[in-house]
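Structure first, then comments.
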Amino acid sequence: MAVYNTDIAAVFEEIADLLEIEGANPFRIRAYRNAARVIRDLSREAGDMIADGADLTELPGIGEDLAAKIHEIVHSGTCVMLRKLKKRTPPALIELLKLPGLGPKKVKVLYHELDIHSLEQLARAARDGRIRSLHGFGEKTEAKILHSIEMQAGATARFKLAVAAQYGERLVSYLKAVPGVDHVVVAGSFRRYKETVGDLDILVTANRTSPIMDHFVNYDEVAEVIAKGTTRATVRLRSKLQVDIRVVAKQAYGAALHYFTGSKSHNIAIRKIGQEMGLKINEYGVFRGKQRVAGQTEESVYAAVGLPYIEPELRENRGEIEAARAHRLPRLVELADLRGDLHAHTQATDGRNTLREMAEAAQARGFEYLAITEHSRHLTVAHGLTPQRLLAQMDEIDRLNAGIKGITLLKGIEVDILEDGTLDLPDDLLGRLDIVVAAVHSHFDLSRARQTARILKAMDHPHFSILAHPTGRLIEERAPYDADMLRIIRHARERGCFLEINAHPERLDLLDIYAQMAKEEGVLVAINSDAHSANQFDNLRFGVGQARRGWLEKSDVLNTRPLKELRALLARTL
DNA sequence: GCCGTTTTCGGCCCGACTGTTTTCAGTCG
């Protein structure tokens, strides 16, 4: 049984949860959580690193002890320490810890005083009024617990970035209209373009007399006010999306934006550096003693600790601070760098718009080229193209190209990679196209070895251009199929082909860590919309965000190239 | 449990809000 980084991280998280309930040293607990995050964010499997003889203690936050535990988990799937912990403390208590309002101290009291170790028992005790009599608890706490349990029953998972964007942008324009308000910006994981966000963190600068907080809690989408103070408030919208707002003075804007953007581990690392320099960094500024030395802008915060500005998408404490210090930060790709889109559909298959409408929409965005890549015949649900229908579309593209100025349509296909690794259309036909985007749309459950071999074989096809949505995952809905991404990326380099970041909000695939891996291995990535209608080119911003999270620069992205260069790259003559 | 231009012990980021207290602990972000 292979043990993946997510498995190792899960073991460490569980250890941290149980230690927390036991009341262990908080810094020890933090060490486990930190290790879980470091392992989860690795671009290589720890198991492979061990097989290669790598020294895991070179990873940040991993010392002798944790390295040994990683070895143990890789070999056995678990570790002795976790088993012992589970014997002492019922793992079901972790469920209670996840309830908002319940932390380790309260869970411990509930367990020891009332012998509660399940959500069900907790709900019953709350209904019976047995909780309010415990020391440190009261009626409100009891009611809150019951409420939390009920909320969790109908809980929504994290929100996809594009969905959160809709709620966030509407709320921002509402808040901007409030008197006395200056800046309104959505910070948090949203600003870092994380593929999903747990809540929205909105930062506002306003003068003291602004009625911002009252306006905020009276926003018509607000279903529940969870907390409300003078500088901070939390609400839940009808969509169940939680929104935090924080109001600061103008001179603290940069410090607050930095603080509120996170990530948490990035902020901790920055504050540590400040601390070593005798500075205190909080959301109000950077201070030496009582004196504010920076904080008006984010740049000033970084400058105070001797660093250049770090883009939000990089702030995950995955090496960006070290890179900043060494002046090796990437100059991240921007939406405006894209010269075209290499993956789009029309009415001919499962798209909504005509060829001409798609071309005109792309042209209106200033694109130099657009590849039309319909599904192939195997994907019957999408009315995939047969060779005859593809030939007809190729003729139509020729006619359109002759009559339209300023944009070039490329003849392409999103061809199915069949179970045996062959492509779903005849070779000679594929050879007549400008671009062949290939994708796995079936047999997701093959073994790792077979799935990897299937994709590698497809890449061996002489006309293969781009591997579309390379891991096949759908965010929060379908796990990636099991395949060896490092081998696939290295094979792409050998074969002169490319990988896609599919910008569709449900995909965002490649994932950031694999985009970074592709960059490190020297494989260009295409940022494609996979548009099924003319307005879906808007989604490219999310693909660019994912690319930026993967440290990609303009030069790492295939479709930043002018058409002539693109054609040469596709033809493998460059 | 990790880590080190105050190195092998003693630190480890920082502040707001809530509820239960009667001056503050717990929780959260």
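Convention: chains lettered A, B, ... in structure tokens order; per-chain residue numbering from 1; ligands numbered from 1 as shown.
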Please report, as JSON lines, each residue of chain A lying at most 7 Å from chain B, together with the nearest pair of atoms and the separation in Å rounded to one decimal; use only C-alpha atoms (C1' of nucleotides), and order rows by chain and ascending residue number.
```
{"residue": "A:Phe27", "atom": "CA", "partner": "B:DC12", "partner_atom": "C1'", "distance": 6.6}
{"residue": "A:Arg28", "atom": "CA", "partner": "B:DG1", "partner_atom": "C1'", "distance": 4.9}
{"residue": "A:Ala31", "atom": "CA", "partner": "B:DG1", "partner_atom": "C1'", "distance": 5.5}
{"residue": "A:Gly61", "atom": "CA", "partner": "B:DC2", "partner_atom": "C1'", "distance": 6.0}
{"residue": "A:Gly63", "atom": "CA", "partner": "B:DC2", "partner_atom": "C1'", "distance": 6.4}
{"residue": "A:Gly101", "atom": "CA", "partner": "B:DT27", "partner_atom": "C1'", "distance": 6.2}
{"residue": "A:Gly103", "atom": "CA", "partner": "B:DT27", "partner_atom": "C1'", "distance": 6.3}
{"residue": "A:Gly136", "atom": "CA", "partner": "B:DT20", "partner_atom": "C1'", "distance": 6.3}
{"residue": "A:Ala227", "atom": "CA", "partner": "B:DC17", "partner_atom": "C1'", "distance": 7.0}
{"residue": "A:Gly229", "atom": "CA", "partner": "B:DC17", "partner_atom": "C1'", "distance": 7.0}
{"residue": "A:Ile268", "atom": "CA", "partner": "B:DC13", "partner_atom": "C1'", "distance": 5.5}
{"residue": "A:Arg271", "atom": "CA", "partner": "B:DC13", "partner_atom": "C1'", "distance": 6.1}
{"residue": "A:Asn282", "atom": "CA", "partner": "B:DC14", "partner_atom": "C1'", "distance": 6.3}
```
Emit the selected residues as a PDB file, in the first residue's frame, including C-alpha atoms.
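In the end it all went to selection37.pdb:
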```pdb
ATOM      1  CA  PHE A  27       4.326  24.539  20.793  1.00  0.00           C
ATOM      2  CA  ARG A  28       4.707  20.830  20.476  1.00  0.00           C
ATOM      3  CA  ALA A  31       5.199  21.519  15.522  1.00  0.00           C
ATOM      4  CA  GLY A  61      10.177  22.236  10.768  1.00  0.00           C
ATOM      5  CA  GLY A  63      13.734  17.417  12.989  1.00  0.00           C
ATOM      6  CA  GLY A 101     -16.782  27.662  19.972  1.00  0.00           C
ATOM      7  CA  GLY A 103     -11.661  24.277  21.961  1.00  0.00           C
ATOM      8  CA  GLY A 136     -16.806  27.877  32.765  1.00  0.00           C
ATOM      9  CA  ALA A 227     -19.906  38.609  16.432  1.00  0.00           C
ATOM     10  CA  GLY A 229     -17.419  44.777  17.788  1.00  0.00           C
ATOM     11  CA  ILE A 268       4.215  33.955  11.506  1.00  0.00           C
ATOM     12  CA  ARG A 271       6.759  38.289  12.352  1.00  0.00           C
ATOM     13  CA  ASN A 282       0.746  43.356  14.097  1.00  0.00           C
TER      14      ASN A 282
END
```
Need to verify the contact set: Ser173 in chain A, 10 Å, only C-alpha atoms (C1' of nucleotides), exclusion of same-chain residues closer than 5 positions in sequence. Can you return it as a PyMOL selection string? chain A and resi 168+178+184-185
Identify, on the basis of only C-alpha atoms (C1' of nucleotides), every residue whose closest approach to Arg450 in chain A does not exceed 12 Å; exclude the query and any residue fewer than 6 positions from it along the same chain; express the result as a PDB file with N, CA and C atoms, in the first residue's frame.
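Contents of the output file part-v7.pdb:
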```
ATOM      1  N   GLU A 419      -8.689   3.996 -22.928  1.00  0.00           N
ATOM      2  CA  GLU A 419      -8.157   3.216 -21.806  1.00  0.00           C
ATOM      3  C   GLU A 419      -6.765   2.652 -22.094  1.00  0.00           C
ATOM      4  N   ASP A 420      -6.519   2.312 -23.360  1.00  0.00           N
ATOM      5  CA  ASP A 420      -5.229   1.711 -23.688  1.00  0.00           C
ATOM      6  C   ASP A 420      -4.164   2.748 -24.063  1.00  0.00           C
ATOM      7  N   GLY A 421      -4.505   4.028 -23.928  1.00  0.00           N
ATOM      8  CA  GLY A 421      -3.521   5.068 -24.220  1.00  0.00           C
ATOM      9  C   GLY A 421      -3.514   5.533 -25.666  1.00  0.00           C
ATOM     10  N   HIS A 443     -12.540   5.758 -17.275  1.00  0.00           N
ATOM     11  CA  HIS A 443     -11.638   4.840 -16.570  1.00  0.00           C
ATOM     12  C   HIS A 443     -10.714   5.581 -15.614  1.00  0.00           C
ATOM     13  N   PHE A 444     -11.344   6.295 -14.682  1.00  0.00           N
ATOM     14  CA  PHE A 444     -10.583   7.078 -13.701  1.00  0.00           C
ATOM     15  C   PHE A 444      -9.943   6.196 -12.635  1.00  0.00           C
ATOM     16  N   LEU A 456       1.339   8.239 -20.497  1.00  0.00           N
ATOM     17  CA  LEU A 456       2.650   8.322 -21.146  1.00  0.00           C
ATOM     18  C   LEU A 456       2.552   7.845 -22.593  1.00  0.00           C
ATOM     19  N   LYS A 457       1.784   6.783 -22.803  1.00  0.00           N
ATOM     20  CA  LYS A 457       1.643   6.257 -24.162  1.00  0.00           C
ATOM     21  C   LYS A 457       0.951   7.286 -25.064  1.00  0.00           C
ATOM     22  N   TYR A 481      -7.339  11.192 -10.384  1.00  0.00           N
ATOM     23  CA  TYR A 481      -7.016   9.788 -10.604  1.00  0.00           C
ATOM     24  C   TYR A 481      -5.572   9.551 -10.194  1.00  0.00           C
ATOM     25  N   ASP A 482      -5.278   8.311  -9.947  1.00  0.00           N
ATOM     26  CA  ASP A 482      -3.975   7.971  -9.393  1.00  0.00           C
ATOM     27  C   ASP A 482      -2.959   7.854 -10.522  1.00  0.00           C
ATOM     28  N   ALA A 483      -2.069   8.807 -10.607  1.00  0.00           N
ATOM     29  CA  ALA A 483      -1.045   8.770 -11.654  1.00  0.00           C
ATOM     30  C   ALA A 483       0.213   9.456 -11.133  1.00  0.00           C
ATOM     31  N   ASP A 484       1.342   9.091 -11.702  1.00  0.00           N
ATOM     32  CA  ASP A 484       2.629   9.610 -11.237  1.00  0.00           C
ATOM     33  C   ASP A 484       2.935  10.907 -11.981  1.00  0.00           C
TER      34      ASP A 484
END
```
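Remark: for Ser529 in chain A, the closest of the candidate residues A:Leu410, A:Leu338, A:Ala402, A:Ala123 is A:Leu338 (distances computed over only C-alpha atoms).
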